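**Student:** Shown below is the structure under consideration.
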Amino acid sequence: MDFTFLGESFLRLIGGVPLTLQLAFSSIALGLCLAILLALMMQSWFRPLGWLADGFVFVFRGTPLLVQIFLIYYGLGQFRPALDEMGIWWFFRSPYYCALLALTLNTAAYGAEIVRGGLQSVPAGQIEAARAFGMSGLTLYRRIVAPIALRQALPAYGNEVILMIKATSLVSTITLMEVTGLAHKLISETFRSFEVFFVAGAIYLAINFAVTRLIELAEHRIAPDLAQANRPAEVH
Amino acid sequence: MQAKSFLELMQWGPQGWLDEMMFATGLTLAVAIVGFLFGLLFGTLAAIAKLSGSRLAKRLADAYTTVFRGVPDLLVIYLFYFGGSAVVTAIGQFFGAQGFIGLPGFLIGTLAIGIVSGAYQSEVIRGAYLAVPPGEVEAARAFGMSGRALLWRIIGPQVLRYGLPGMGNIWQLVLKESALVAVVGLSVYLYEVRLGDLVLIYETRFSDLLRQAHVAAGSTRQPFVFYITAVAFYLVLTTASTWCFRRAETWATRGMRRV
Amino acid sequence: DAQAQMRKVKVATEGAYAPWNFVNSQGKLEGFELDLGAELCKRAKLDCEFVAQDWDGIMPSLLAKKYDAIMAGMNITPKRMETINFTTAYAAGPHGLLILKSSALAKLPAGEYNLTKDLAEAEKAIAAITPQLKGKIIGVQGSTTNLAWAEKYFKGVAEIREYKTTEQHDLDLAAGRIDAAVVAHSAAQATMETATGKDMTMAPPSFSGGMLGLGVAVGIRKEDNDLKNAFDAAVKAAIADGTIKTLSIKWFKVDMTPKS
Amino acid sequence: MINGAQPAVTVEDLTKRFGPLEVLKGVTLTAHDGEVIAIVGSSGSGKSTLLRCINMLEIPDGGTVSIAGEEIRLREKRGGGREPAEPAQIDRLRQKLGMVFQSFNLWSHLTVLENVIEAPVHVQGRPKAEATEEALALLDKVGLADKRNHYPSQISGGQAQRAAIARALAMRPQLMLFDEPTSSLDPELVGDVLRVIRTLAEEGRTMMLVTHEMAFAREVANRGIFLHQGRVEEEGPPAQVFGQPRSERCRQFISSQLRS
Amino acid sequence: MINGAQPAVTVEDLTKRFGPLEVLKGVTLTAHDGEVIAIVGSSGSGKSTLLRCINMLEIPDGGTVSIAGEEIRLREKRGGGREPAEPAQIDRLRQKLGMVFQSFNLWSHLTVLENVIEAPVHVQGRPKAEATEEALALLDKVGLADKRNHYPSQISGGQAQRAAIARALAMRPQLMLFDEPTSSLDPELVGDVLRVIRTLAEEGRTMMLVTHEMAFAREVANRGIFLHQGRVEEEGPPAQVFGQPRSERCRQFISSQLRS
Ligand SMILES: Nc1ncnc2c1ncn2[C@@H]1O[C@H](COP(=O)(O)OP(=O)(O)OP(=O)(O)O)[C@@H](O)[C@H]1O
Ligand SMILES: Nc1ncnc2c1ncn2[C@@H]1O[C@H](COP(=O)(O)OP(=O)(O)OP(=O)(O)O)[C@@H](O)[C@H]1O
Ligand SMILES: [Mg+2]
Ligand SMILES: [Mg+2]
């Protein structure tokens, strides 16, 4: 192994980390809010809201993120006159905003399904007990449903966070040079794809490792009783 | 090159791209199904390891999840293809074979997808397992159930119940992941072309949907036609799979009380 | 018989770079390089087989002996020559700035500059362009000689954005997200014939040679000298008898025969 | 305190069906302030369903429920069945009700103490410190002070039942619905619960409780109700219902108990 | 049938702790074939834990458990505590044991009938048709025939308890562990369960049951055990333990019950 080259590559690629993190975390934060909203819409009594949410999830979960990025950026670019007229061309002109929009909408669709699954796993009896005490609406969600749902959903949501971090690698198709974009550039200059990919892989691994640990920590914080209780796994 | 109309481009047969797009859809589906099943296998094993009492098994499974979730999928596929091929080629040369020995792209691609998606699936399975009421597992144990029977009869159905939404997500993911396999080249399709007395064998690939759209876009310079068509085909796949998953969920949540 | 004695050679191409090489609606590889490849193999008495390979994996796969040669619109550059060998160039053409017809750059004086022959003259022409690009955005395909050229002369002056394919920067040029794209004239020709490119034109000055590449050639593993020699001879013959000119006009509508 | 002139609960002609099964077939009853009503009946006769209809955990198919003179408004749903006309009304009225579930339904993510203070703090908006103090006193009363930091999965059946009772009491409800509150309790604890219920009744609170222990029912209640196949078969003073019932079915039911 | 010369269960010096809390402090007892042992004691005294230790749902920290003369082998775990030396042995022995849980633990994804045939078919490998026939007879006996296709979430508390009893009986176990099997049952059903248990005892099966109903315990048992703070405080014939106990604590416990 050529360690000098690995070192050089590392210094080059680390320059893309801020963009990667910035895109990942802003889209995850925005996407989560949207996901919760969508999941609640799916469960709402007013069916049209549910259909709307279902349709959204259907389209954004059903098609590749790459195509979504591509269509939002290059596709909407074709409609510049109309966007100019609406006064939103400044938004779509920027590859950064387009990437953020695509990533947010995409993770919201996946997130909505995860949140829905979590909500469904809350034991009915425990919700009833809360209702019987007059809890409803936000309090019911905040105090009983959300904490229980969260514990079920957290592992799956951890997946999603990591996926989003990796998904940012697709934004190099719309000229944003994050870690993968820089890696491709470096490969085209040196043809040493193995070493470069190795370094890029290590960088992603390091980021995701940190994220995994954070999620595990959160899991322990959120579900101390699971950590303490006699889990079935330990029943012999 | 004259811009052709949508209908002209999307004909069936040698003049249009519809047949290619359909084949690509089929291949995408095939890669996804096989890759997902590999993933289910690896994911289940890893989840069992994580939940087992053995600390070593847990460490190994955790490392597996961390690495294969953490590293971009493309890298895993590269590693498998070039790494695997290099090993096979070296072995081949040792035994006197010459040149490059390629590994079947389909196998490598689906294995790579399986390994990657298995890392995700293990987490979903683990989460779902933890949602199974402990009392019900105890009851099964108290009746002497263990091992396979316990897994298939009590835990499995309930894990399915809690894990299906997460699995649905991963399936969608895998469906689109198959696009990456194009990098290593999927199964080979040969064409014979005669130039006078010279016979040329042209090789093209059965491309997956996304790559096919890319190829067609490059060939016709009408990208949106093909990307939007690809979206439509993907949505057909999604509709079908969403329907299947919803059906499965309804079945799996039978007997469960809803509020 | 003679057919059986011919060496089997696998040639890789990208299949997504019209009109150099692309896959047609029948799923067949087609294009300038496919036609030329058939001719070259006939002359070199090689039993050739074309395979499609993604651009990103095209060099590693050659080194891994998945195939023996690359004909994929690949320019000869010193950097690439550190890794693989190239035959004599079989095509070469000028590069320049693709712009909208309405752009101020359209009014620059015309001229053909060769960076190999007269670097000083060429750089003078580049300096004339530079002030017009101040604060502008230039698009260019990644991993190309065009990118290296743009970065050398316009970095810091203009913002340089890297695209995966040429058609992507064409789209952004049409949408007005970028002000110019650095391209080969041959590719620009194809663009201008599409709906996207109908309002585009090339800026008058054109550049070739030097860091923009010493022409497009067949890429071959360093140790494979037999194959290089065979292709070298075939390319020279094809240039000499006008085959390349004919094919070039057929596919590019301009003559891309390398000028020695 | 609920307006003395109004009965604490009025249930009129309540019906409820699950699919083809008609569980409640027209139940009418009234409970006044300070009254303790014991409901007995064989398993599956609809006792739990009755309690659950009173606080609208099950929406009755027919009939009305009034809490402190206020009728809970229901409306017809499209496609059959009914639904709350005004969910906010139900939430408001439920704050006056406490319930001990047959299966406890403790919140698994909260400790015993947290279970008890949850509703007072987050529904009634009482200060946490005050609620905690009261909760500790209640837990002490039911003998659970040392388990306050255990999670529901870490306590015994009887302890869970007592936690559920404490949780309901912490709401200081005007009307308490107890669904077999002593099923998992030993004789000593049954005596404790008996005393608690008496104190509450003296404070003027109303209680409806389902039980299988006739001795307990007789001790604790002002009035007994025997539910049979979804109908009130016998109603009257405890001595009558649990001693000399008039209905044949009730007599048979009462007499089948083991005597110690 | 279990070898008649050997006691069905022998528990020797059993200890179990949860963290700092020592729940069982050395329990020794023996049950012979056909014996019915009633265990009483206050809530939290360790009754459920004792039953759960017998079938190794909880691994005891000290002492031994033997089923039909075969001692369950445990070994020290690194880091403290013990673990089964041979899990297969436990699985094998558990097939001779039946258990009715205090919280029923019905499998929520299976209907009542499926719950009952599950273990006979998938653990004991009996033919499904035969198991179904027997299950229907059992469900009939506990009065649940009409609920056989309901899921556990769709039945009442007492019905769930009866389903749990039928499920345990379907295994035709040599030793039955009942954890408060009548807590949710009305007097009539308690009588039914009493009769079932007597029949089983006559067939030579052994039963250990935890209950709070002294009348029931006295009727059903050959022997009574009073558990207090993790120790056997009193043991003897039912008339003694539930009538004139020698220990002060037991006397107090017994006398606190309400008499009807
Ligand atoms: N997982 C656990 N962690 C900590 N403490 C526990 C756990 N399980 C049980 N305990 C404690 O052990 C003691 C005995 O519990 P057990 O369930 O055996 O009581 P029990 O005699 O069956 O009582 P009940 O009549 O209320 O069912 C209780 O004080 C309980 O709080
Ligand atoms: N969700 C449901 N779907 C179908 N049937 C139901 C449902 N809930 C209850 N039932 C049926 O309604 C009847 C009355 O149930 P309920 O729980 O009110 O009985 P109960 O009188 O409380 O009996 P127990 O003393 O056993 O608790 C039972 O036969 C039960 O099977
Ligand atoms: Mg009930
Ligand atoms: Mg107990």
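Numbering starts fresh at 1 for the residues of each chain in the structure tokens, the chains themselves are lettered A, B, ... in the order given, and ligands are numbered from 1 as they appear.
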Set the cut-off to 8 Å, count only C-alpha atoms and all ligand atoms, and list whatever residues fall near ligand 4 as a PyMOL selection string.
**Tutor:** (chain D and resi 156-158+184) or (chain E and resi 43-44+46-49+102+179-180+210)
**Student:** Which residues of chain A are close to chain C, meaning at most 7 Å apart when you count only C-alpha atoms, and how do they look as a PyMOL selection string?
**Tutor:** chain A and resi 74+77-78+80+93+173-175+185+188-189
**Student:** Measuring atom to atom with only C-alpha atoms, identify which of D:Gln161, D:Ser45, D:Gln124, D:Thr30 is nearest to chain A.
**Tutor:**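 Residue with the minimum atom-to-atom distance to chain A: D:Gln124.
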**Student:** Set the distance at 10 Å and use only C-alpha atoms: which residues neighbour Pro87 of chain E once local chain neighbours fewer than 2 positions away are removed? I'd like the list as an MDAnalysis selection string.
**Tutor:** (chainID A and resid 236) or (chainID B and resid 146) or (chainID E and resid 72:74 83:85 89:92)
**Student:** Ligand 2: which residues are within 10 Å, counting only C-alpha atoms and all ligand atoms? Reply as an MDAnalysis selection string.
**Tutor:** (chainID B and resid 255:258) or (chainID D and resid 16:24 39:53 58 102:103 179:180 210:212 227:230) or (chainID E and resid 144 146:147 150:162 183:186)
**Student:** Can you measure atom CA of Thr25 of chain B to atom CA of Phe233 of chain B for me? One decimal in Å is fine.
**Tutor:**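 Taking atom CA of Thr25 of chain B and atom CA of Phe233 of chain B, their separation equals 7.0 Å.
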**Student:** I want to know what sits within 6 Å of segment 234-249 of chain D, based on only C-alpha atoms, with residues of the same chain fewer than 5 positions away left out; could you give that as a CSV table (one decimal) with N, CA and C atoms, in the first residue's frame?
**Tutor:**
chain,number,residue,atom,x,y,z
D,218,ARG,N,-70.3,-7.6,48.3
D,218,ARG,CA,-71.3,-7.4,49.3
D,218,ARG,C,-70.8,-6.4,50.4
D,223,ARG,N,-75.1,-1.0,46.1
D,223,ARG,CA,-76.1,-1.5,45.2
D,223,ARG,C,-75.4,-2.6,44.4
D,224,GLY,N,-76.2,-3.7,44.1
D,224,GLY,CA,-75.6,-4.7,43.2
D,224,GLY,C,-76.4,-4.8,41.9
D,225,ILE,N,-75.6,-5.2,40.9
D,225,ILE,CA,-76.2,-5.4,39.6
D,225,ILE,C,-75.8,-6.8,39.1
D,226,PHE,N,-76.7,-7.6,38.6
D,226,PHE,CA,-76.3,-8.8,38.0
D,226,PHE,C,-76.6,-8.8,36.5
**Student:** If you measure from atom CA of Gly69 of chain E to atom CA of Gly98 of chain E, what distance in Å do you get, rounded to one decimal?
**Tutor:** 17.5 Å
**Student:** If you run DSSP on this backbone, which residues of segment 11-186 of chain A come out as alpha helix (DSSP H), and could you give them as a PyMOL selection string?
**Tutor:** chain A and resi 11-14+17-43+47-62+65-70+76-77+80-86+89-93+95-120+124-132+137-140+146-167+179-186
**Student:** Residues of chain D within 8 Å of chain A: nearest atom pair and distance (Å, one decimal) for each, counting only C-alpha atoms, sorted by chain and number, as a tab-separated table?
**Tutor:**
residue	atom	partner	partner_atom	distance
D:Asn55	CA	A:Ala132	CA	6.6
D:Leu57	CA	A:Glu128	CA	6.9
D:Ile90	CA	A:Gly134	CA	7.6
D:Asp91	CA	A:Gly134	CA	4.7
D:Arg92	CA	A:Gly134	CA	6.5
D:Leu93	CA	A:Gly134	CA	7.4
D:Arg94	CA	A:Gly134	CA	4.6
D:Gln95	CA	A:Gly134	CA	4.8
D:Leu97	CA	A:Phe133	CA	6.8
D:Gly98	CA	A:Phe133	CA	6.3
D:Met99	CA	A:Ala132	CA	6.5
D:Phe101	CA	A:Ala129	CA	7.6
D:Asn105	CA	A:Gln126	CA	5.1
D:Leu106	CA	A:Gln126	CA	6.4
D:Trp107	CA	A:Gln126	CA	5.7
D:Ser108	CA	A:Asp225	CA	7.9
D:His109	CA	A:Asp225	CA	6.5
D:Leu110	CA	A:Asp225	CA	8.0
D:Ala119	CA	A:Phe133	CA	6.5
D:His122	CA	A:Thr139	CA	6.9
D:Val123	CA	A:Met135	CA	5.9
D:Tyr151	CA	A:Asp225	CA	6.2
D:Ser153	CA	A:Ala229	CA	6.4
D:Gln154	CA	A:Ala229	CA	6.7
D:Ala168	CA	A:Phe133	CA	7.9
D:Met171	CA	A:Phe133	CA	7.7
**Student:** What gap, in Å, lies between atom CA of Lys136 of chain C and atom CA of Asp179 of chain C?
**Tutor:**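 Between atom CA of Lys136 of chain C and atom CA of Asp179 of chain C the gap works out to 6.2 Å.
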**Student:** Pull out every residue of chain B that has at least one atom within 12 Å of chain E, counting only C-alpha atoms, and report them as a ChimeraX atom specification.
**Tutor:** /B:53-55,132-162,250-259
**Student:** Limited to N, CA and C atoms, could you put the picked residues into a file as a CSV table (one decimal), in the first residue's frame?
**Tutor:**
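Final output, part-v3.csv:
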chain,number,residue,atom,x,y,z
B,53,GLY,N,-27.2,-14.8,22.9
B,53,GLY,CA,-26.4,-14.4,24.1
B,53,GLY,C,-24.9,-14.2,23.8
B,54,SER,N,-24.4,-14.9,22.8
B,54,SER,CA,-23.0,-14.9,22.5
B,54,SER,C,-22.4,-13.5,22.2
B,55,ARG,N,-21.5,-13.1,23.0
B,55,ARG,CA,-20.9,-11.8,22.8
B,55,ARG,C,-20.1,-11.7,21.5
B,132,VAL,N,-41.9,-7.8,19.9
B,132,VAL,CA,-42.8,-9.0,20.2
B,132,VAL,C,-43.0,-9.0,21.7
B,133,PRO,N,-44.2,-9.2,22.2
B,133,PRO,CA,-44.5,-9.2,23.7
B,133,PRO,C,-43.7,-10.4,24.3
B,134,PRO,N,-42.8,-10.1,25.3
B,134,PRO,CA,-42.0,-11.1,25.8
B,134,PRO,C,-42.8,-12.3,26.4
B,135,GLY,N,-44.0,-11.9,26.9
B,135,GLY,CA,-44.8,-13.0,27.5
B,135,GLY,C,-45.2,-14.1,26.5
B,136,GLU,N,-45.4,-13.7,25.3
B,136,GLU,CA,-45.8,-14.7,24.3
B,136,GLU,C,-44.6,-15.6,24.0
B,137,VAL,N,-43.4,-15.1,24.0
B,137,VAL,CA,-42.3,-15.9,23.7
B,137,VAL,C,-42.1,-16.9,24.9
B,138,GLU,N,-42.3,-16.3,26.1
B,138,GLU,CA,-42.2,-17.2,27.3
B,138,GLU,C,-43.1,-18.3,27.3
B,139,ALA,N,-44.4,-18.0,26.9
B,139,ALA,CA,-45.4,-19.0,26.8
B,139,ALA,C,-44.9,-20.1,25.9
B,140,ALA,N,-44.4,-19.8,24.8
B,140,ALA,CA,-43.9,-20.8,23.8
B,140,ALA,C,-42.8,-21.6,24.4
B,141,ARG,N,-41.9,-20.9,25.1
B,141,ARG,CA,-40.8,-21.7,25.7
B,141,ARG,C,-41.3,-22.6,26.8
B,142,ALA,N,-42.3,-22.1,27.6
B,142,ALA,CA,-42.8,-22.9,28.6
B,142,ALA,C,-43.4,-24.2,28.1
B,143,PHE,N,-43.9,-24.2,26.8
B,143,PHE,CA,-44.5,-25.4,26.3
B,143,PHE,C,-43.4,-26.2,25.5
B,144,GLY,N,-42.2,-25.9,25.8
B,144,GLY,CA,-41.1,-26.7,25.2
B,144,GLY,C,-40.8,-26.3,23.8
B,145,MET,N,-41.3,-25.2,23.3
B,145,MET,CA,-40.9,-24.8,21.9
B,145,MET,C,-39.5,-24.2,22.0
B,146,SER,N,-38.7,-24.5,21.0
B,146,SER,CA,-37.4,-23.9,20.9
B,146,SER,C,-36.9,-23.9,19.5
B,147,GLY,N,-35.8,-23.3,19.3
B,147,GLY,CA,-35.2,-23.3,18.0
B,147,GLY,C,-36.2,-23.0,16.8
B,148,ARG,N,-36.2,-23.9,15.9
B,148,ARG,CA,-36.9,-23.6,14.7
B,148,ARG,C,-38.4,-23.4,14.9
B,149,ALA,N,-39.0,-24.3,15.7
B,149,ALA,CA,-40.5,-24.2,15.9
B,149,ALA,C,-40.8,-22.8,16.5
B,150,LEU,N,-40.0,-22.4,17.5
B,150,LEU,CA,-40.3,-21.1,18.2
B,150,LEU,C,-40.1,-20.0,17.1
B,151,LEU,N,-39.1,-20.1,16.3
B,151,LEU,CA,-38.8,-19.1,15.3
B,151,LEU,C,-39.9,-19.0,14.3
B,152,TRP,N,-40.3,-20.1,13.8
B,152,TRP,CA,-41.3,-20.2,12.7
B,152,TRP,C,-42.7,-19.9,13.1
B,153,ARG,N,-43.0,-20.4,14.3
B,153,ARG,CA,-44.4,-20.4,14.7
B,153,ARG,C,-44.8,-19.2,15.5
B,154,ILE,N,-43.9,-18.7,16.3
B,154,ILE,CA,-44.3,-17.6,17.2
B,154,ILE,C,-43.6,-16.3,16.9
B,155,ILE,N,-42.3,-16.4,16.9
B,155,ILE,CA,-41.5,-15.2,16.7
B,155,ILE,C,-41.6,-14.7,15.3
B,156,GLY,N,-41.4,-15.6,14.3
B,156,GLY,CA,-41.5,-15.2,12.9
B,156,GLY,C,-42.7,-14.4,12.5
B,157,PRO,N,-43.9,-15.0,12.8
B,157,PRO,CA,-45.1,-14.2,12.4
B,157,PRO,C,-45.2,-12.9,13.1
B,158,GLN,N,-44.7,-12.8,14.3
B,158,GLN,CA,-44.9,-11.5,15.0
B,158,GLN,C,-43.8,-10.5,14.5
B,159,VAL,N,-42.6,-11.0,14.2
B,159,VAL,CA,-41.6,-10.2,13.7
B,159,VAL,C,-42.1,-9.6,12.3
B,160,LEU,N,-42.7,-10.5,11.6
B,160,LEU,CA,-43.3,-10.0,10.3
B,160,LEU,C,-44.2,-8.9,10.5
B,161,ARG,N,-45.0,-9.0,11.6
B,161,ARG,CA,-46.1,-8.1,11.9
B,161,ARG,C,-45.5,-6.7,12.1
B,162,TYR,N,-44.4,-6.7,12.9
B,162,TYR,CA,-43.8,-5.4,13.3
B,162,TYR,C,-42.8,-4.9,12.3
B,250,THR,N,-51.7,-6.7,6.1
B,250,THR,CA,-53.1,-6.9,6.6
B,250,THR,C,-53.1,-8.4,7.2
B,251,TRP,N,-52.5,-9.2,6.5
B,251,TRP,CA,-52.5,-10.6,6.9
B,251,TRP,C,-51.7,-10.8,8.2
B,252,ALA,N,-50.5,-10.1,8.3
B,252,ALA,CA,-49.7,-10.3,9.4
B,252,ALA,C,-50.2,-9.6,10.7
B,253,THR,N,-51.1,-8.6,10.5
B,253,THR,CA,-51.6,-7.9,11.7
B,253,THR,C,-53.0,-8.4,12.1
B,254,ARG,N,-53.3,-9.6,11.5
B,254,ARG,CA,-54.6,-10.1,11.9
B,254,ARG,C,-54.6,-10.4,13.4
B,255,GLY,N,-55.8,-10.1,14.0
B,255,GLY,CA,-55.9,-10.4,15.4
B,255,GLY,C,-55.3,-9.3,16.3
B,256,MET,N,-54.8,-8.2,15.6
B,256,MET,CA,-54.1,-7.2,16.4
B,256,MET,C,-55.2,-6.1,16.6
B,257,ARG,N,-55.2,-5.6,17.8
B,257,ARG,CA,-56.2,-4.5,18.0
B,257,ARG,C,-55.7,-3.2,17.6
B,258,ARG,N,-56.5,-2.4,17.0
B,258,ARG,CA,-56.2,-1.1,16.6
B,258,ARG,C,-57.0,-0.1,17.4
B,259,VAL,N,-56.4,1.1,17.7
B,259,VAL,CA,-57.2,2.1,18.3
B,259,VAL,C,-57.2,3.3,17.4
**Student:** Up to 7 Å from chain B, what residues of chain A turn up? Count only C-alpha atoms and give them as a ChimeraX atom specification.
**Tutor:** /A:59,61-64,67,110,113-114,117,121,124,152,155-156,159,162,166,197,201,204-205,208-209,231-234
**Student:** What would the file look like if the residues just selected were written as an mmCIF file, in the first residue's frame with N, CA and C atoms?
**Tutor:**
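again33.cif, freshly written:
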data_model
loop_
_atom_site.group_PDB
_atom_site.id
_atom_site.type_symbol
_atom_site.label_atom_id
_atom_site.label_comp_id
_atom_site.auth_asym_id
_atom_site.auth_seq_id
_atom_site.Cartn_x
_atom_site.Cartn_y
_atom_site.Cartn_z
ATOM 1 N N VAL A 59 -44.877 8.054 -4.824
ATOM 2 C CA VAL A 59 -44.002 8.545 -5.882
ATOM 3 C C VAL A 59 -42.549 8.626 -5.414
ATOM 4 N N ARG A 61 -41.002 7.188 -2.836
ATOM 5 C CA ARG A 61 -40.382 5.945 -2.418
ATOM 6 C C ARG A 61 -40.214 5.038 -3.629
ATOM 7 N N GLY A 62 -41.069 5.287 -4.629
ATOM 8 C CA GLY A 62 -41.139 4.352 -5.733
ATOM 9 C C GLY A 62 -40.139 4.593 -6.836
ATOM 10 N N THR A 63 -39.474 5.734 -6.806
ATOM 11 C CA THR A 63 -38.547 6.008 -7.899
ATOM 12 C C THR A 63 -37.165 6.287 -7.330
ATOM 13 N N PRO A 64 -36.151 6.040 -8.145
ATOM 14 C CA PRO A 64 -34.787 6.233 -7.642
ATOM 15 C C PRO A 64 -34.502 7.691 -7.322
ATOM 16 N N VAL A 67 -33.007 9.711 -10.103
ATOM 17 C CA VAL A 67 -33.941 10.253 -11.093
ATOM 18 C C VAL A 67 -34.660 11.466 -10.521
ATOM 19 N N TYR A 110 -39.672 7.974 2.900
ATOM 20 C CA TYR A 110 -39.253 6.769 3.632
ATOM 21 C C TYR A 110 -39.572 6.908 5.105
ATOM 22 N N GLU A 113 -43.154 6.147 6.252
ATOM 23 C CA GLU A 113 -43.479 4.722 6.405
ATOM 24 C C GLU A 113 -42.933 4.174 7.728
ATOM 25 N N ILE A 114 -41.737 4.623 8.083
ATOM 26 C CA ILE A 114 -41.149 4.148 9.335
ATOM 27 C C ILE A 114 -41.977 4.624 10.521
ATOM 28 N N GLY A 117 -45.143 2.672 10.817
ATOM 29 C CA GLY A 117 -44.915 1.361 11.412
ATOM 30 C C GLY A 117 -44.766 1.468 12.919
ATOM 31 N N SER A 121 -47.223 -0.047 16.168
ATOM 32 C CA SER A 121 -46.751 -1.058 17.098
ATOM 33 C C SER A 121 -47.080 -0.703 18.548
ATOM 34 N N ALA A 124 -52.485 -1.408 21.874
ATOM 35 C CA ALA A 124 -53.763 -0.716 21.936
ATOM 36 C C ALA A 124 -54.173 -0.404 23.373
ATOM 37 N N GLN A 152 -39.696 1.584 18.847
ATOM 38 C CA GLN A 152 -39.841 0.571 17.804
ATOM 39 C C GLN A 152 -39.188 1.065 16.519
ATOM 40 N N PRO A 155 -34.476 1.835 15.329
ATOM 41 C CA PRO A 155 -33.524 1.089 14.507
ATOM 42 C C PRO A 155 -33.748 1.324 13.018
ATOM 43 N N ALA A 156 -35.001 1.298 12.608
ATOM 44 C CA ALA A 156 -35.292 1.514 11.191
ATOM 45 C C ALA A 156 -34.930 2.938 10.787
ATOM 46 N N ASN A 159 -31.297 3.311 10.132
ATOM 47 C CA ASN A 159 -31.015 2.920 8.757
ATOM 48 C C ASN A 159 -31.168 4.105 7.819
ATOM 49 N N ILE A 162 -28.463 6.798 7.928
ATOM 50 C CA ILE A 162 -27.229 6.369 7.268
ATOM 51 C C ILE A 162 -27.410 6.356 5.751
ATOM 52 N N LYS A 166 -25.281 8.442 2.833
ATOM 53 C CA LYS A 166 -24.694 7.881 1.619
ATOM 54 C C LYS A 166 -25.358 8.442 0.363
ATOM 55 N N PHE A 197 -11.185 4.804 -3.602
ATOM 56 C CA PHE A 197 -12.428 4.294 -3.036
ATOM 57 C C PHE A 197 -12.232 3.809 -1.606
ATOM 58 N N GLY A 201 -14.407 5.233 1.183
ATOM 59 C CA GLY A 201 -15.159 4.293 2.012
ATOM 60 C C GLY A 201 -14.863 4.500 3.483
ATOM 61 N N TYR A 204 -16.688 7.626 4.764
ATOM 62 C CA TYR A 204 -18.115 7.375 4.998
ATOM 63 C C TYR A 204 -18.303 6.476 6.210
ATOM 64 N N LEU A 205 -17.457 5.473 6.306
ATOM 65 C CA LEU A 205 -17.579 4.537 7.415
ATOM 66 C C LEU A 205 -17.423 5.262 8.744
ATOM 67 N N ASN A 208 -20.527 7.334 9.414
ATOM 68 C CA ASN A 208 -21.664 6.487 9.748
ATOM 69 C C ASN A 208 -21.467 5.740 11.057
ATOM 70 N N PHE A 209 -20.221 5.451 11.351
ATOM 71 C CA PHE A 209 -19.944 4.799 12.624
ATOM 72 C C PHE A 209 -20.355 5.722 13.773
ATOM 73 N N ARG A 231 -35.385 -9.254 28.575
ATOM 74 C CA ARG A 231 -35.828 -9.381 27.205
ATOM 75 C C ARG A 231 -35.965 -10.851 26.842
ATOM 76 N N PRO A 232 -36.893 -11.146 25.910
ATOM 77 C CA PRO A 232 -37.117 -12.541 25.522
ATOM 78 C C PRO A 232 -35.836 -13.244 25.087
ATOM 79 N N ALA A 233 -34.919 -12.459 24.514
ATOM 80 C CA ALA A 233 -33.688 -13.080 24.032
ATOM 81 C C ALA A 233 -32.972 -13.798 25.152
ATOM 82 N N GLU A 234 -33.164 -13.307 26.351
ATOM 83 C CA GLU A 234 -32.419 -13.895 27.455
ATOM 84 C C GLU A 234 -33.217 -14.968 28.171
#
**Student:** For chain C, report every residue with an atom at most 9 Å from chain B (counting only C-alpha atoms), formatted as JSON, numbers by chain.
**Tutor:** {"C": [15, 16, 17, 18, 19, 21, 22, 23, 24, 25, 26, 27, 28, 29, 38, 42, 47, 48, 49, 50, 51, 52, 53, 54, 55, 56, 57, 60, 61, 64, 65, 66, 67, 165, 167, 190, 191, 193, 194, 195, 196]}
